[in-house]
file upload-v6.cif (mmCIF, C-alpha atoms)
data_model
loop_
_atom_site.label_atom_id
_atom_site.label_comp_id
_atom_site.auth_asym_id
_atom_site.auth_seq_id
_atom_site.Cartn_x
_atom_site.Cartn_y
_atom_site.Cartn_z
CA MET A 1 28.59 -9.33 -24.59
CA PRO A 2 28.02 -8.30 -20.96
CA SER A 3 24.45 -7.49 -20.00
CA LEU A 4 23.36 -3.88 -20.03
CA ASN A 5 22.44 -1.97 -16.91
CA ILE A 6 18.95 -0.46 -17.07
CA ARG A 7 18.30 2.38 -14.63
CA PRO A 8 15.57 5.00 -14.19
CA PHE A 9 16.60 8.36 -15.58
CA THR A 10 17.59 10.99 -13.01
CA PRO A 11 18.62 14.65 -13.47
CA GLY A 12 22.20 13.60 -12.76
CA ASP A 13 22.21 11.59 -16.00
CA VAL A 14 21.71 14.60 -18.27
CA ALA A 15 25.40 15.01 -19.13
CA ALA A 16 25.77 11.37 -20.15
CA LEU A 17 22.52 11.48 -22.13
CA SER A 18 23.68 14.66 -23.86
CA ALA A 19 26.99 13.05 -24.81
CA TRP A 20 25.11 10.13 -26.37
CA THR A 21 22.45 12.11 -28.24
CA GLY A 22 24.42 15.22 -29.13
CA THR A 23 21.51 17.31 -27.82
CA PRO A 24 22.49 20.23 -25.56
CA ALA A 25 22.11 19.38 -21.88
CA ASP A 26 19.82 22.34 -21.17
CA ALA A 27 17.37 21.23 -23.87
CA LEU A 28 17.40 17.65 -22.58
CA ARG A 29 16.87 18.79 -19.02
CA GLU A 30 13.82 20.83 -20.02
CA ASP A 31 12.38 18.07 -22.23
CA ALA A 32 12.83 15.31 -19.63
CA GLU A 33 11.61 17.31 -16.64
CA GLY A 34 8.82 15.44 -14.89
CA ARG A 35 8.87 12.55 -17.36
CA GLU A 36 9.46 8.93 -16.44
CA GLY A 37 12.21 7.29 -18.43
CA TRP A 38 14.98 4.72 -18.42
CA LEU A 39 18.54 4.63 -19.67
CA ALA A 40 20.52 1.61 -20.87
CA TRP A 41 24.16 1.75 -19.80
CA ASP A 42 27.13 -0.17 -21.20
CA GLY A 43 29.68 0.53 -18.51
CA ALA A 44 29.85 4.32 -18.17
CA ALA A 45 28.27 5.02 -21.57
CA VAL A 46 24.59 5.44 -22.43
CA VAL A 47 23.57 3.19 -25.35
CA GLY A 48 19.79 3.53 -25.15
CA ALA A 49 17.00 5.62 -23.70
CA LEU A 50 13.24 5.24 -23.49
CA PHE A 51 10.84 7.99 -22.43
CA PRO A 52 7.27 6.73 -22.97
CA TRP A 53 4.74 9.36 -24.01
CA ARG A 54 1.01 8.95 -23.46
CA SER A 55 -0.49 10.92 -26.34
CA PRO A 56 -3.91 12.61 -26.14
CA ASP A 57 -5.54 9.60 -27.83
CA GLY A 58 -4.59 7.49 -24.79
CA ARG A 59 -1.90 5.45 -26.55
CA VAL A 60 1.53 4.92 -25.00
CA ARG A 61 4.06 5.82 -27.69
CA LEU A 62 7.66 4.64 -27.59
CA PHE A 63 10.56 6.24 -29.45
CA PHE A 64 13.80 4.25 -29.73
CA GLU A 65 15.50 6.39 -32.37
CA ARG A 66 19.25 5.84 -31.95
CA CYS A 67 19.04 3.10 -29.27
CA ARG A 68 21.41 0.18 -29.71
CA GLN A 69 19.22 -2.76 -30.62
CA ASP A 70 20.38 -4.96 -27.75
CA ALA A 71 18.91 -2.29 -25.44
CA TRP A 72 15.38 -2.58 -26.85
CA ALA A 73 14.27 -5.69 -24.98
CA PRO A 74 15.45 -4.63 -21.50
CA LEU A 75 14.06 -1.12 -22.00
CA LEU A 76 10.71 -2.51 -23.19
CA ALA A 77 10.54 -4.66 -20.07
CA GLN A 78 10.19 -1.43 -18.06
CA VAL A 79 6.96 -0.49 -19.89
CA PRO A 80 4.32 -3.22 -19.59
CA GLY A 81 1.00 -3.14 -21.40
CA PRO A 82 -0.16 -1.80 -24.76
CA ALA A 83 2.26 0.42 -26.67
CA VAL A 84 2.89 1.86 -30.13
CA THR A 85 6.14 2.57 -31.97
CA THR A 86 7.33 3.20 -35.54
CA VAL A 87 10.26 2.00 -37.66
CA ARG A 88 11.58 2.83 -41.11
CA ASP A 89 13.27 -0.37 -42.24
CA ALA A 90 12.88 -4.12 -42.03
CA THR A 91 15.63 -5.02 -39.55
CA PRO A 92 14.26 -3.18 -36.48
CA GLN A 93 10.74 -4.24 -37.49
CA ALA A 94 11.76 -7.89 -37.28
CA VAL A 95 13.39 -7.31 -33.88
CA LEU A 96 10.26 -5.64 -32.52
CA GLU A 97 7.99 -8.36 -33.91
CA ASP A 98 10.09 -10.88 -31.98
CA LEU A 99 9.45 -8.71 -28.89
CA GLY A 100 5.67 -8.91 -29.24
CA PHE A 101 4.78 -6.09 -31.64
CA ARG A 102 2.70 -6.50 -34.82
CA PRO A 103 2.46 -4.21 -37.86
CA ALA A 104 -0.64 -2.01 -37.71
CA ARG A 105 -0.27 0.36 -40.65
CA THR A 106 2.30 1.76 -43.07
CA ASP A 107 2.91 5.36 -44.11
CA ARG A 108 4.52 6.37 -47.36
CA LEU A 109 7.09 9.14 -46.88
CA TYR A 110 6.85 11.85 -49.53
CA GLU A 111 8.83 14.82 -50.69
CA LEU A 112 6.77 17.55 -52.39
CA PRO A 113 8.40 20.17 -54.61
CA ALA A 114 7.90 23.65 -53.20
CA ARG A 115 6.47 25.48 -56.22
CA PRO A 116 3.94 28.28 -56.66
CA HIS A 117 0.40 27.08 -57.41
CA ASP A 118 -2.91 28.75 -58.16
CA VAL A 119 -5.78 26.51 -57.08
CA PRO A 120 -9.17 28.18 -56.56
CA LEU A 121 -11.15 27.72 -53.36
CA PRO A 122 -14.66 26.26 -53.43
CA ALA A 123 -17.34 28.95 -53.50
CA GLY A 124 -18.06 30.49 -50.11
CA VAL A 125 -14.89 29.19 -48.41
CA GLU A 126 -12.26 31.53 -46.98
CA ILE A 127 -8.81 30.81 -45.60
CA LEU A 128 -7.66 32.14 -42.23
CA SER A 129 -4.43 31.78 -40.32
CA ALA A 130 -4.79 29.61 -37.22
CA ALA A 131 -3.32 32.60 -35.38
CA ASP A 132 -6.55 34.47 -36.13
CA VAL A 133 -8.94 31.70 -35.04
CA PRO A 134 -9.77 31.03 -31.38
CA PRO A 135 -7.51 28.15 -30.28
CA VAL A 136 -10.47 26.22 -28.86
CA GLU A 137 -11.99 26.17 -32.36
CA VAL A 138 -8.72 25.03 -33.94
CA MET A 139 -8.43 22.28 -31.31
CA ALA A 140 -12.00 21.08 -31.94
CA LEU A 141 -11.41 20.87 -35.70
CA ASP A 142 -8.06 19.13 -35.17
CA ALA A 143 -9.72 16.48 -32.97
CA ARG A 144 -12.50 15.85 -35.52
CA LEU A 145 -9.99 15.39 -38.32
CA ARG A 146 -7.66 13.18 -36.27
CA ASP A 147 -10.57 10.83 -35.56
CA GLU A 148 -10.40 9.82 -39.21
CA VAL A 149 -6.62 9.38 -39.33
CA PRO A 150 -5.60 5.77 -38.62
CA GLY A 151 -3.68 5.56 -35.36
CA THR A 152 -4.87 8.86 -33.88
CA ASP A 153 -8.60 8.28 -33.36
CA GLY A 154 -9.83 9.24 -29.90
CA TRP A 155 -7.54 12.29 -29.69
CA THR A 156 -8.83 14.52 -26.87
CA ALA A 157 -6.19 17.12 -26.10
CA ALA A 158 -6.41 19.46 -23.13
CA PRO A 159 -6.46 23.17 -24.07
CA ASP A 160 -3.22 23.97 -22.24
CA TRP A 161 -1.40 21.10 -23.95
CA PHE A 162 -2.81 22.05 -27.35
CA LEU A 163 -1.63 25.65 -27.00
CA GLU A 164 1.84 24.58 -25.90
CA GLU A 165 2.21 22.15 -28.81
CA ASN A 166 0.71 24.45 -31.44
CA HIS A 167 0.31 28.23 -31.03
CA HIS A 168 3.08 28.49 -28.42
CA SER A 169 5.47 26.14 -30.19
CA PRO A 170 8.65 27.72 -31.64
CA TYR A 171 7.77 25.94 -34.90
CA PHE A 172 4.28 27.43 -35.21
CA ASP A 173 4.07 29.14 -38.61
CA PRO A 174 1.03 31.43 -39.01
CA GLU A 175 1.41 31.53 -42.80
CA CYS A 176 1.34 27.76 -43.07
CA TYR A 177 -1.11 26.78 -40.32
CA LEU A 178 -4.37 27.57 -42.07
CA ILE A 179 -8.05 27.07 -41.38
CA ALA A 180 -10.71 26.83 -44.10
CA ARG A 181 -14.01 28.36 -43.05
CA ASP A 182 -17.43 28.16 -44.70
CA GLY A 183 -19.61 30.82 -43.11
CA ALA A 184 -19.30 30.30 -39.37
CA GLU A 185 -18.02 26.71 -39.60
CA ASN A 186 -14.39 25.61 -39.69
CA VAL A 187 -14.25 22.86 -42.31
CA GLY A 188 -10.60 22.22 -43.17
CA LEU A 189 -7.09 22.55 -41.82
CA ILE A 190 -3.50 22.38 -42.99
CA ARG A 191 -0.33 22.86 -40.99
CA VAL A 192 3.30 22.78 -42.02
CA TRP A 193 5.89 22.86 -39.25
CA ASN A 194 8.85 25.21 -39.67
CA GLY A 195 11.36 22.89 -37.91
CA PRO A 196 12.96 21.17 -36.12
CA ARG A 197 13.62 18.87 -39.09
CA PRO A 198 15.90 20.05 -41.91
CA ARG A 199 12.93 20.53 -44.25
CA PRO A 200 9.43 21.86 -43.56
CA ARG A 201 7.03 19.03 -42.73
CA LEU A 202 3.36 18.75 -43.61
CA GLY A 203 1.84 17.61 -40.32
CA LEU A 204 -1.81 17.41 -41.38
CA VAL A 205 -4.15 18.37 -44.19
CA GLY A 206 -7.77 17.44 -43.70
CA VAL A 207 -11.28 18.41 -44.71
CA LEU A 208 -14.55 17.49 -42.99
CA PRO A 209 -16.67 14.91 -44.86
CA GLY A 210 -19.30 17.34 -46.18
CA TRP A 211 -16.66 19.46 -47.96
CA ARG A 212 -14.65 16.69 -49.59
CA GLY A 213 -14.49 16.20 -53.33
CA GLN A 214 -14.58 19.97 -53.98
CA GLY A 215 -10.86 20.65 -54.25
CA LEU A 216 -10.49 22.22 -50.81
CA ALA A 217 -7.56 20.05 -49.68
CA ALA A 218 -5.75 20.86 -52.93
CA ALA A 219 -6.38 24.58 -52.46
CA LEU A 220 -4.96 24.43 -48.92
CA LEU A 221 -1.88 22.50 -50.01
CA ALA A 222 -1.33 24.87 -52.94
CA ARG A 223 -1.19 27.82 -50.57
CA VAL A 224 1.45 26.43 -48.25
CA LEU A 225 3.63 25.15 -51.12
CA THR A 226 3.46 28.63 -52.66
CA VAL A 227 4.56 30.17 -49.37
CA TRP A 228 7.53 27.84 -49.08
CA ALA A 229 8.52 28.39 -52.71
CA ALA A 230 8.60 32.15 -52.04
CA ARG A 231 10.84 31.51 -49.03
CA GLY A 232 13.32 29.62 -51.20
CA ALA A 233 12.61 26.09 -49.96
CA ASP A 234 12.97 23.26 -52.44
CA ARG A 235 10.88 20.54 -50.79
CA VAL A 236 8.27 19.86 -48.13
CA THR A 237 8.06 16.41 -46.51
CA ALA A 238 4.88 14.50 -45.69
CA GLU A 239 3.65 11.12 -44.46
CA VAL A 240 0.56 9.48 -45.99
CA ASP A 241 -1.22 6.30 -44.93
CA ALA A 242 -0.52 3.75 -47.65
CA GLY A 243 -4.21 2.79 -47.71
CA ASN A 244 -5.49 6.34 -48.25
CA ALA A 245 -6.05 6.59 -52.00
CA ALA A 246 -7.33 10.18 -51.88
CA SER A 247 -4.26 11.43 -50.01
CA ARG A 248 -1.92 9.56 -52.36
CA ALA A 249 -3.68 11.17 -55.32
CA LEU A 250 -3.27 14.60 -53.69
CA MET A 251 0.47 14.02 -53.29
CA ALA A 252 0.76 12.89 -56.91
CA ARG A 253 -1.12 15.97 -58.13
CA PHE A 254 1.56 18.19 -56.64
CA GLY A 255 4.50 16.13 -57.85
CA GLY A 256 5.11 14.23 -54.62
CA MET A 257 7.68 11.44 -54.78
CA VAL A 258 7.79 8.48 -52.39
CA VAL A 259 11.18 8.39 -50.67
CA GLY A 260 10.57 5.70 -48.06
CA THR A 261 8.08 4.05 -45.75
CA GLU A 262 7.37 4.05 -42.03
CA THR A 263 5.57 1.20 -40.29
CA GLU A 264 3.60 1.60 -37.09
CA LEU A 265 3.79 -1.40 -34.78
CA VAL A 266 1.47 -2.15 -31.88
CA ARG A 267 1.96 -4.26 -28.78
CA GLU A 268 -1.32 -5.34 -27.24
CA ALA A 269 -1.92 -5.92 -23.54
#
call {"tool": "encode", "arguments": {"input": "upload-v6.cif", "output": "structure tokens"}}
result
Amino acid sequence: MPSLNIRPFTPGDVAALSAWTGTPADALREDAEGREGWLAWDGAAVVGALFPWRSPDGRVRLFFERCRQDAWAPLLAQVPGPAVTTVRDATPQAVLEDLGFRPARTDRLYELPARPHDVPLPAGVEILSAADVPPVEVMALDARLRDEVPGTDGWTAAPDWFLEENHHSPYFDPECYLIARDGAENVGLIRVWNGPRPRPRLGLVGVLPGWRGQGLAAALLARVLTVWAARGADRVTAEVDAGNAASRALMARFGGMVVGTETELVREA
């Protein structure tokens, strides 16, 4: 097989990238604007693309998605240093391990039935939409909760970025992005994204340490599942760290079924 040609992405490559991904050219142009990336070419056809993303926790995250596997090594050579990526089956995991990555953690992928539930809140706690809470408060709570999620500790988002990714996102859902408040303190959060995936996705449910063990996470999850049931959805998807017994128990309580796994792999310096 002839060697692939790896070139930095330029605006003139949008049409070829669109033909490969099936994503409209205008959407690709907007998404790739100002980002460094590389394309793998087999003759005149794109067979791989890599646009590294430095997330607010400082980690460089790589997304190969539909890349042809022979493009992984030459694309990775363009991004030296520590990096993180995820895979969902054993074959690409083995390829990436041969390229210097090691498994760091595994998520179980769940599907939760969207059914109405009536779970009481702990005494003194109220539920607010994130749309009705100052974004800086939502961001502070999000950062505190992420610090306890494996693989996202150290998350320090800038306010402008947080607003763009949350309140200003087209997938922001005020009925399913909820904040639990005890008095003047925000103590829990749940968010379910209304797209772009085929089914609604539970992005995060978390409660601060002092309010755990009181049923607050269950009450939050009950509310969003009830909303989606009323909308006619059948399932909500979620990812749970395989080592988190409390989160696995929460999924089981609401009828969650494991439908796959996702492994995070890390390449050190």
call {"tool": "closest_residue", "arguments": {"input": "upload-v6.cif", "among": "A:Asp241, A:Asp234, A:Glu268, A:Glu175", "to": "Asp132 of chain A", "atoms": "all atoms listed in the file"}}
result
A:Glu175
call {"tool": "closest_residue", "arguments": {"input": "upload-v6.cif", "among": "A:Ala229, A:Leu189, A:Ala16, A:Val205", "to": "Leu128 of chain A", "atoms": "all atoms listed in the file"}}
result
A:Leu189
call {"tool": "resolve_selection", "arguments": {"input": "upload-v6.cif", "expression": "the PyMOL selection byres ((chain A and resi 218) around 9)", "output": "PDB file with C-alpha atoms, in the coordinates of the input"}}
result
ATOM      1  CA  VAL A 119      -5.780  26.510 -57.080  1.00  0.00           C
ATOM      2  CA  PRO A 120      -9.170  28.180 -56.560  1.00  0.00           C
ATOM      3  CA  LEU A 121     -11.150  27.720 -53.360  1.00  0.00           C
ATOM      4  CA  GLN A 214     -14.580  19.970 -53.980  1.00  0.00           C
ATOM      5  CA  GLY A 215     -10.860  20.650 -54.250  1.00  0.00           C
ATOM      6  CA  LEU A 216     -10.490  22.220 -50.810  1.00  0.00           C
ATOM      7  CA  ALA A 217      -7.560  20.050 -49.680  1.00  0.00           C
ATOM      8  CA  ALA A 219      -6.380  24.580 -52.460  1.00  0.00           C
ATOM      9  CA  LEU A 220      -4.960  24.430 -48.920  1.00  0.00           C
ATOM     10  CA  LEU A 221      -1.880  22.500 -50.010  1.00  0.00           C
ATOM     11  CA  ALA A 222      -1.330  24.870 -52.940  1.00  0.00           C
ATOM     12  CA  ARG A 223      -1.190  27.820 -50.570  1.00  0.00           C
ATOM     13  CA  LEU A 250      -3.270  14.600 -53.690  1.00  0.00           C
ATOM     14  CA  ARG A 253      -1.120  15.970 -58.130  1.00  0.00           C
ATOM     15  CA  PHE A 254       1.560  18.190 -56.640  1.00  0.00           C
TER      16      PHE A 254
END
call {"tool": "resolve_selection", "arguments": {"input": "upload-v6.cif", "expression": "the PyMOL selection byres ((chain A and resi 88-104) around 8)", "output": "number ranges by chain"}}
result
A: 69, 73, 86-87, 105-106, 260-268
call {"tool": "closest_residue", "arguments": {"input": "upload-v6.cif", "among": "A:Val138, A:Leu62, A:Ala238, A:Ala27", "to": "Ala180 of chain A", "atoms": "all atoms listed in the file"}}
result
A:Val138
call {"tool": "resolve_selection", "arguments": {"input": "upload-v6.cif", "expression": "the PyMOL selection byres ((chain A and resi 127) around 8)", "output": "PDB file with C-alpha atoms, keeping the file's coordinate frame"}}
result
ATOM      1  CA  VAL A 125     -14.890  29.190 -48.410  1.00  0.00           C
ATOM      2  CA  GLU A 126     -12.260  31.530 -46.980  1.00  0.00           C
ATOM      3  CA  LEU A 128      -7.660  32.140 -42.230  1.00  0.00           C
ATOM      4  CA  SER A 129      -4.430  31.780 -40.320  1.00  0.00           C
ATOM      5  CA  LEU A 178      -4.370  27.570 -42.070  1.00  0.00           C
ATOM      6  CA  ILE A 179      -8.050  27.070 -41.380  1.00  0.00           C
ATOM      7  CA  ALA A 180     -10.710  26.830 -44.100  1.00  0.00           C
ATOM      8  CA  ARG A 181     -14.010  28.360 -43.050  1.00  0.00           C
TER       9      ARG A 181
END
call {"tool": "atom_distance", "arguments": {"input": "upload-v6.cif", "atom1": "atom CA of Ser3 of chain A", "atom2": "atom CA of Glu33 of chain A"}}
result
28.1 Å
